[in-house]
>>> print(open('target_28.txt').read())   # compact mmCIF, C-alpha atoms
# COMPACT_ATOMS: atom_id res chain seq x y z
CA MET A 1 35.51 34.69 7.14
CA THR A 2 37.50 31.55 7.71
CA THR A 3 36.46 28.95 10.20
CA GLU A 4 38.93 26.41 11.40
CA SER A 5 38.04 22.78 11.21
CA HIS A 6 39.78 19.47 11.80
CA GLY A 7 38.74 15.92 10.99
CA PHE A 8 35.82 17.14 8.99
CA ILE A 9 33.90 15.05 6.45
CA ALA A 10 31.17 16.41 4.17
CA PRO A 11 28.27 14.30 2.88
CA GLN A 12 28.25 13.33 -0.80
CA PHE A 13 25.23 15.34 -1.90
CA ASP A 14 26.11 15.04 -5.57
CA ALA A 15 26.14 11.22 -5.70
CA ASP A 16 22.89 11.18 -7.71
CA GLN A 17 24.01 13.76 -10.22
CA GLY A 18 23.04 12.71 -13.72
CA ARG A 19 20.70 10.00 -12.44
CA LYS A 20 17.31 9.68 -14.17
CA LEU A 21 14.15 7.87 -13.19
CA ALA A 22 11.10 7.21 -15.36
CA ILE A 23 7.94 5.84 -13.79
CA ILE A 24 5.13 4.45 -15.91
CA CYS A 25 1.79 4.81 -14.13
CA SER A 26 -0.69 2.46 -15.76
CA LYS A 27 -3.36 2.13 -13.10
CA GLY A 28 -5.86 4.73 -11.97
CA THR A 29 -7.11 3.38 -8.67
CA LEU A 30 -6.39 5.31 -5.49
CA ASP A 31 -4.19 2.56 -4.07
CA MET A 32 -2.16 2.17 -7.26
CA ALA A 33 -1.74 5.91 -7.87
CA TYR A 34 0.32 6.44 -4.75
CA PRO A 35 3.33 4.14 -5.35
CA GLY A 36 4.28 6.11 -8.47
CA LEU A 37 3.62 9.44 -6.81
CA ILE A 38 5.63 8.63 -3.70
CA MET A 39 8.60 7.29 -5.63
CA GLY A 40 8.43 10.14 -8.13
CA ASN A 41 8.27 12.74 -5.39
CA GLY A 42 11.07 11.08 -3.44
CA ALA A 43 13.28 10.94 -6.52
CA ALA A 44 12.64 14.59 -7.38
CA GLN A 45 13.52 15.51 -3.79
CA GLU A 46 16.83 13.72 -4.17
CA GLY A 47 17.67 15.82 -7.20
CA ILE A 48 17.10 12.91 -9.59
CA GLU A 49 15.67 13.85 -13.01
CA THR A 50 12.16 12.41 -12.74
CA HIS A 51 9.57 11.62 -15.41
CA LEU A 52 6.10 10.23 -14.76
CA PHE A 53 4.42 8.75 -17.83
CA PHE A 54 0.69 8.16 -17.44
CA THR A 55 -0.83 5.54 -19.67
CA PHE A 56 -4.13 3.71 -19.98
CA TRP A 57 -6.08 3.75 -16.71
CA GLY A 58 -3.26 5.76 -15.21
CA LEU A 59 -4.57 8.76 -17.14
CA ASP A 60 -7.28 9.09 -14.48
CA ILE A 61 -4.55 10.30 -12.11
CA ILE A 62 -3.97 13.42 -14.22
CA ARG A 63 -7.44 14.07 -15.69
CA ARG A 64 -9.15 17.17 -14.34
CA LYS A 65 -12.41 15.27 -13.95
CA THR A 66 -10.96 12.36 -11.99
CA VAL A 67 -7.81 13.58 -10.21
CA ASP A 68 -9.73 14.30 -7.00
CA LYS A 69 -12.04 11.31 -7.37
CA LEU A 70 -9.79 8.28 -7.53
CA THR A 71 -11.29 5.29 -5.76
CA MET A 72 -10.44 1.73 -4.88
CA THR A 73 -12.50 -1.39 -4.39
CA PRO A 74 -12.04 -4.28 -1.98
CA VAL A 75 -13.51 -6.65 -4.60
CA GLY A 76 -11.03 -9.10 -6.04
CA ASN A 77 -8.32 -7.86 -3.72
CA THR A 78 -7.28 -10.80 -1.55
CA ALA A 79 -4.78 -8.60 0.27
CA MET A 80 -7.66 -6.64 1.79
CA ARG A 81 -7.84 -7.33 5.54
CA ILE A 82 -10.28 -6.24 8.15
CA GLY A 83 -8.54 -3.42 10.00
CA SER A 84 -5.06 -4.43 11.09
CA THR A 85 -6.04 -8.07 11.66
CA SER A 86 -5.04 -10.97 9.41
CA LEU A 87 -8.70 -11.67 8.64
CA ALA A 88 -9.48 -11.52 4.94
CA MET A 89 -12.32 -9.20 3.97
CA PRO A 90 -15.13 -11.45 2.66
CA GLN A 91 -15.46 -10.79 -1.07
CA LEU A 92 -19.25 -10.60 -0.85
CA LEU A 93 -18.97 -7.92 1.82
CA GLY A 94 -16.67 -5.94 -0.45
CA ALA A 95 -19.27 -6.15 -3.21
CA LEU A 96 -22.00 -4.52 -1.14
CA PRO A 97 -23.17 -1.14 -2.44
CA GLY A 98 -21.09 1.70 -1.04
CA MET A 99 -18.15 -0.47 0.03
CA SER A 100 -15.82 1.04 -2.57
CA SER A 101 -16.67 4.51 -1.28
CA VAL A 102 -16.03 3.40 2.28
CA ALA A 103 -12.72 1.77 1.35
CA SER A 104 -11.64 4.84 -0.63
CA TRP A 105 -12.69 7.17 2.16
CA MET A 106 -10.75 5.11 4.71
CA MET A 107 -7.67 5.06 2.55
CA ARG A 108 -7.80 8.82 1.97
CA GLY A 109 -7.99 9.26 5.72
CA LYS A 110 -4.98 7.03 6.32
CA ILE A 111 -2.96 8.82 3.66
CA ALA A 112 -3.83 12.22 5.12
CA GLY A 113 -2.95 10.87 8.58
CA LEU A 114 0.58 10.28 7.35
CA ALA A 115 0.70 13.91 6.16
CA VAL A 116 0.84 12.66 2.57
CA PRO A 117 -0.97 15.09 0.26
CA PRO A 118 -4.03 14.27 -1.85
CA VAL A 119 -3.33 13.30 -5.47
CA HIS A 120 -3.54 16.69 -7.19
CA GLU A 121 -1.50 18.45 -4.54
CA PHE A 122 1.06 15.66 -4.74
CA LEU A 123 1.38 16.10 -8.51
CA THR A 124 1.91 19.84 -8.03
CA GLN A 125 4.55 19.11 -5.43
CA ILE A 126 6.36 16.81 -7.87
CA THR A 127 6.38 19.40 -10.65
CA ASP A 128 7.43 22.13 -8.19
CA ALA A 129 10.36 19.87 -7.39
CA GLY A 130 11.30 19.78 -11.05
CA GLY A 131 9.60 16.48 -11.98
CA HIS A 132 7.86 16.04 -15.34
CA LEU A 133 4.39 14.65 -16.07
CA TRP A 134 3.52 13.16 -19.47
CA ALA A 135 0.37 11.64 -20.93
CA CYS A 136 0.47 8.68 -23.31
CA ARG A 137 -0.56 9.54 -26.88
CA MET A 138 -2.22 6.24 -27.72
CA SER A 139 -4.30 6.09 -24.55
CA VAL A 140 -5.31 9.72 -24.96
CA ASP A 141 -6.49 9.07 -28.52
CA MET A 142 -8.27 5.89 -27.54
CA MET A 143 -10.21 7.69 -24.81
CA LYS A 144 -10.82 10.67 -27.12
CA LEU A 145 -9.19 13.14 -24.75
CA THR A 146 -7.20 16.31 -25.45
CA LYS A 147 -4.55 18.22 -23.51
CA ALA A 148 -7.32 20.41 -22.09
CA ASP A 149 -8.67 17.37 -20.24
CA PHE A 150 -5.55 17.19 -18.11
CA ILE A 151 -4.40 19.21 -15.14
CA GLU A 152 -2.08 22.03 -16.12
CA GLU A 153 0.98 20.38 -14.59
CA VAL A 154 0.97 17.86 -17.45
CA GLU A 155 3.66 19.01 -19.86
CA ASP A 156 2.56 17.27 -23.00
CA ILE A 157 1.04 14.25 -24.68
CA ILE A 158 3.85 12.12 -26.04
CA ASN A 159 4.17 8.83 -27.91
CA VAL A 160 6.23 5.83 -27.00
CA SER A 161 9.27 6.86 -29.03
CA ASP A 162 9.27 10.26 -27.30
CA PHE A 163 9.09 8.44 -23.99
CA LEU A 164 11.95 6.12 -24.88
CA GLU A 165 14.01 9.10 -25.93
CA LEU A 166 13.46 11.04 -22.74
CA SER A 167 14.01 7.96 -20.59
CA ARG A 168 17.31 7.12 -22.26
CA ASP A 169 19.78 6.08 -19.54
CA ALA A 170 16.97 6.28 -16.98
CA GLN A 171 15.91 3.60 -14.57
CA ILE A 172 12.35 2.66 -15.51
CA ILE A 173 9.68 1.53 -13.09
CA PHE A 174 6.30 0.20 -14.21
CA VAL A 175 3.39 0.61 -11.83
CA MET B 176 32.05 7.82 15.31
CA PRO B 177 34.21 10.62 13.85
CA THR B 178 34.73 13.78 15.85
CA ALA B 179 35.60 17.03 14.16
CA THR B 180 36.50 20.48 15.39
CA ILE B 181 34.49 23.19 13.74
CA ALA B 182 34.79 26.83 14.71
CA GLY B 183 36.65 25.79 17.83
CA ARG B 184 33.96 23.36 18.98
CA ASP B 185 34.12 19.60 19.07
CA VAL B 186 31.25 18.07 17.14
CA HIS B 187 30.28 14.47 16.57
CA LEU B 188 29.51 13.36 13.02
CA ASN B 189 28.14 10.14 11.60
CA ASP B 190 29.95 8.29 8.81
CA GLU B 191 28.15 10.38 6.23
CA GLY B 192 29.13 13.68 7.83
CA PHE B 193 25.83 14.64 9.52
CA MET B 194 26.05 15.95 13.06
CA THR B 195 24.74 13.47 15.60
CA ASP B 196 24.15 15.80 18.56
CA PRO B 197 21.92 18.79 17.77
CA ASN B 198 23.08 20.45 21.01
CA GLU B 199 26.60 20.84 19.62
CA TRP B 200 25.28 23.04 16.82
CA ASN B 201 25.46 26.82 16.66
CA GLU B 202 25.01 29.42 13.96
CA GLU B 203 28.70 29.64 13.19
CA ILE B 204 28.79 25.89 12.60
CA ALA B 205 25.73 26.21 10.35
CA ALA B 206 27.51 28.77 8.22
CA PHE B 207 30.54 26.48 8.00
CA LEU B 208 28.46 23.43 7.03
CA ALA B 209 26.59 25.47 4.43
CA ARG B 210 29.85 26.61 2.84
CA GLN B 211 31.00 23.00 2.55
CA ILE B 212 28.02 22.23 0.34
CA GLY B 213 28.24 25.38 -1.73
CA ILE B 214 25.69 27.53 0.08
CA ASP B 215 27.35 30.85 0.86
CA PRO B 216 26.24 33.08 2.41
CA LEU B 217 23.24 31.95 4.44
CA THR B 218 20.54 34.53 3.79
CA GLU B 219 17.59 35.47 5.96
CA ALA B 220 15.48 33.09 3.83
CA HIS B 221 17.85 30.23 4.72
CA TRP B 222 17.75 31.16 8.40
CA LYS B 223 13.97 31.15 8.41
CA VAL B 224 14.03 27.52 7.27
CA ILE B 225 16.84 26.56 9.64
CA ARG B 226 15.10 28.14 12.63
CA PHE B 227 11.88 26.33 11.75
CA LEU B 228 13.69 22.99 11.47
CA ARG B 229 15.49 23.50 14.79
CA GLY B 230 12.30 24.49 16.59
CA ASP B 231 10.26 21.71 15.04
CA PHE B 232 12.91 19.13 15.92
CA ALA B 233 12.95 20.31 19.53
CA GLU B 234 9.18 19.79 19.70
CA GLN B 235 8.73 16.67 17.56
CA GLY B 236 12.00 14.82 18.12
CA GLU B 237 12.44 14.24 14.41
CA THR B 238 13.49 16.25 11.40
CA ALA B 239 10.70 17.84 9.39
CA THR B 240 10.19 16.55 5.85
CA LEU B 241 10.18 18.92 2.91
CA ARG B 242 6.40 18.93 2.85
CA ARG B 243 6.22 19.74 6.53
CA VAL B 244 8.57 22.68 6.05
CA SER B 245 6.61 24.00 3.08
CA THR B 246 3.21 23.71 4.77
CA LEU B 247 4.10 24.73 8.34
CA ALA B 248 6.90 27.24 7.77
CA GLY B 249 5.08 28.65 4.76
CA VAL B 250 8.04 28.40 2.42
CA PRO B 251 6.90 27.11 -1.01
CA THR B 252 8.53 23.91 -2.28
CA LYS B 253 10.02 25.74 -5.26
CA GLU B 254 11.71 28.26 -2.99
CA LEU B 255 13.19 25.47 -0.86
CA TYR B 256 14.77 24.04 -4.02
CA GLY B 257 16.22 27.44 -4.76
CA LEU B 258 17.66 27.83 -1.28
CA PHE B 259 19.03 24.29 -0.92
CA PRO B 260 19.45 23.06 -4.52
CA GLY B 261 19.45 19.41 -5.53
CA LYS B 262 18.56 17.63 -2.31
CA PRO B 263 16.77 20.26 -0.22
CA ALA B 264 15.44 18.00 2.54
CA ARG B 265 18.84 16.53 3.30
CA LYS B 266 20.75 19.74 2.84
CA MET B 267 18.57 21.79 5.16
CA ALA B 268 18.78 19.08 7.81
CA TYR B 269 22.56 18.95 7.41
CA VAL B 270 23.06 22.68 7.81
CA SER B 271 20.69 22.68 10.80
CA GLY B 272 22.77 20.02 12.55
CA LEU B 273 19.91 17.52 12.49
CA PRO B 274 19.57 13.94 11.23
CA LYS B 275 18.15 13.30 7.75
CA PRO B 276 14.35 13.27 7.75
CA LYS B 277 12.82 9.81 8.17
CA GLY B 278 9.53 10.51 6.41
CA CYS B 279 9.08 9.69 2.73
CA VAL B 280 7.22 12.78 1.63
>>> encode(input="target_28.txt", output="structure tokens")
Amino acid sequence: MTTESHGFIAPQFDADQGRKLAIICSKGTLDMAYPGLIMGNGAAQEGIETHLFFTFWGLDIIRRKTVDKLTMTPVGNTAMRIGSTSLAMPQLLGALPGMSSVASWMMRGKIAGLAVPPVHEFLTQITDAGGHLWACRMSVDMMKLTKADFIEEVEDIINVSDFLELSRDAQIIFV
Amino acid sequence: MPTATIAGRDVHLNDEGFMTDPNEWNEEIAAFLARQIGIDPLTEAHWKVIRFLRGDFAEQGETATLRRVSTLAGVPTKELYGLFPGKPARKMAYVSGLPKPKGCV
């Protein structure tokens, strides 16, 4: 079937072909897990070859025992405001027992409210989109973990030279 | 704003080539747009996604993100990548005559 057309322009969907992105996730708090996940997911959705490398505290994001239990604390975070006001959250208030749970619970609610998936589901979505998850060899050894400690979406435990090899010609983001 | 004639109909496009008026869209135009980006033919699986996007846009006033399509239309993410390879969210919006999704996820 032929369809006539005049003055037609097609979008450049292949502009990102060959582009690579490597994101190093070094922090395991709930608030610091999401930047890497959102960028990684976005990149995978754009057809960009995406690698997430989890190191040090970032390993909590991919550990079976912690993936669903990431938390955050208002303590020491001067960017923490009360609600949507400009009022800083008093540090002593943040240090009260249970405040980290409250803050984490509130943040989970806000994330869900934006239809953004919880951490594990997000990681699955990234790998479904063709993204790759890697654990850092040195951190894994230091914390005496094995591959069995990680969610199954994690491809392998790799060292820094492996990482540098797979991120050759990639843009690298450190979170 | 560029105007093009596709399948005998005048359609408005933005500078990138996305249609700007969803009401100008029809199934013949969808098939044409799909061919331009290497998707030929549109199968029933494609149409299921396109119909969901069109219906959802009519209700919500914005284009569904990939996650919204996979959770609400029940099409797994992996399958969406198979149907609209490379940049599924943009490609399915394009073929459906809708703007690119605004959401990040």
>>> closest_residue(input="target_28.txt", among="B:Val270, B:Ile212, B:Ala220, B:Ile204", to="Thr180 (chain B)", atoms="only C-alpha atoms")
B:Ile204
>>> residues_around(input="target_28.txt", residues="region 112-115 of chain A", least_positions_apart="5", cutoff="12 Å", atoms="all atoms listed in the file", output="ChimeraX atom specification")
/A:105-107,121-122 /B:239-244,246-247,278-280
>>> residues_around(input="target_28.txt", residues="region 191-199 of chain B", least_positions_apart="6", cutoff="7 Å", atoms="all atoms listed in the file", output="ChimeraX atom specification")
/A:9-11 /B:269,272-274
>>> interface_residues(input="target_28.txt", of="chain A", to="chain B", cutoff="10 Å", atoms="all atoms listed in the file", output="JSON, numbers by chain")
{"A": [1, 2, 3, 4, 5, 6, 7, 8, 9, 10, 11, 12, 13, 14, 16, 17, 37, 38, 39, 41, 42, 43, 44, 45, 46, 47, 48, 114, 115, 116, 117, 122, 124, 125, 126, 127, 128, 129, 130]}
>>> closest_residue(input="target_28.txt", among="B:Gly236, B:Ser245, B:Ala209, B:Lys277", to="Trp222 (chain B)", atoms="all atoms listed in the file")
B:Ala209
>>> atom_distance(input="target_28.txt", atom1="CA of Ala95 (chain A)", atom2="CA of Pro35 (chain A)")
24.9 Å
>>> residues_around(input="target_28.txt", residues="region 58-65 of chain A", least_positions_apart="2", cutoff="9 Å", atoms="all atoms listed in the file", output="JSON, numbers by chain")
{"A": [24, 25, 26, 27, 28, 29, 30, 32, 33, 53, 54, 55, 56, 67, 68, 69, 70, 119, 120, 123, 133, 135, 136, 139, 140, 148, 149, 150, 151, 152, 153, 154]}
>>> atom_distance(input="target_28.txt", atom1="CA of Val75 (chain A)", atom2="CA of Leu52 (chain A)")
27.8 Å
>>> atom_distance(input="target_28.txt", atom1="CA of Thr50 (chain A)", atom2="CA of Lys20 (chain A)")
6.0 Å
>>> residues_around(input="target_28.txt", residues="Gly76 (chain A)", least_positions_apart="3", cutoff="10 Å", atoms="only C-alpha atoms", output="NGL selection string")
:A and (73 or 79-80 or 90-92 or 94-95)
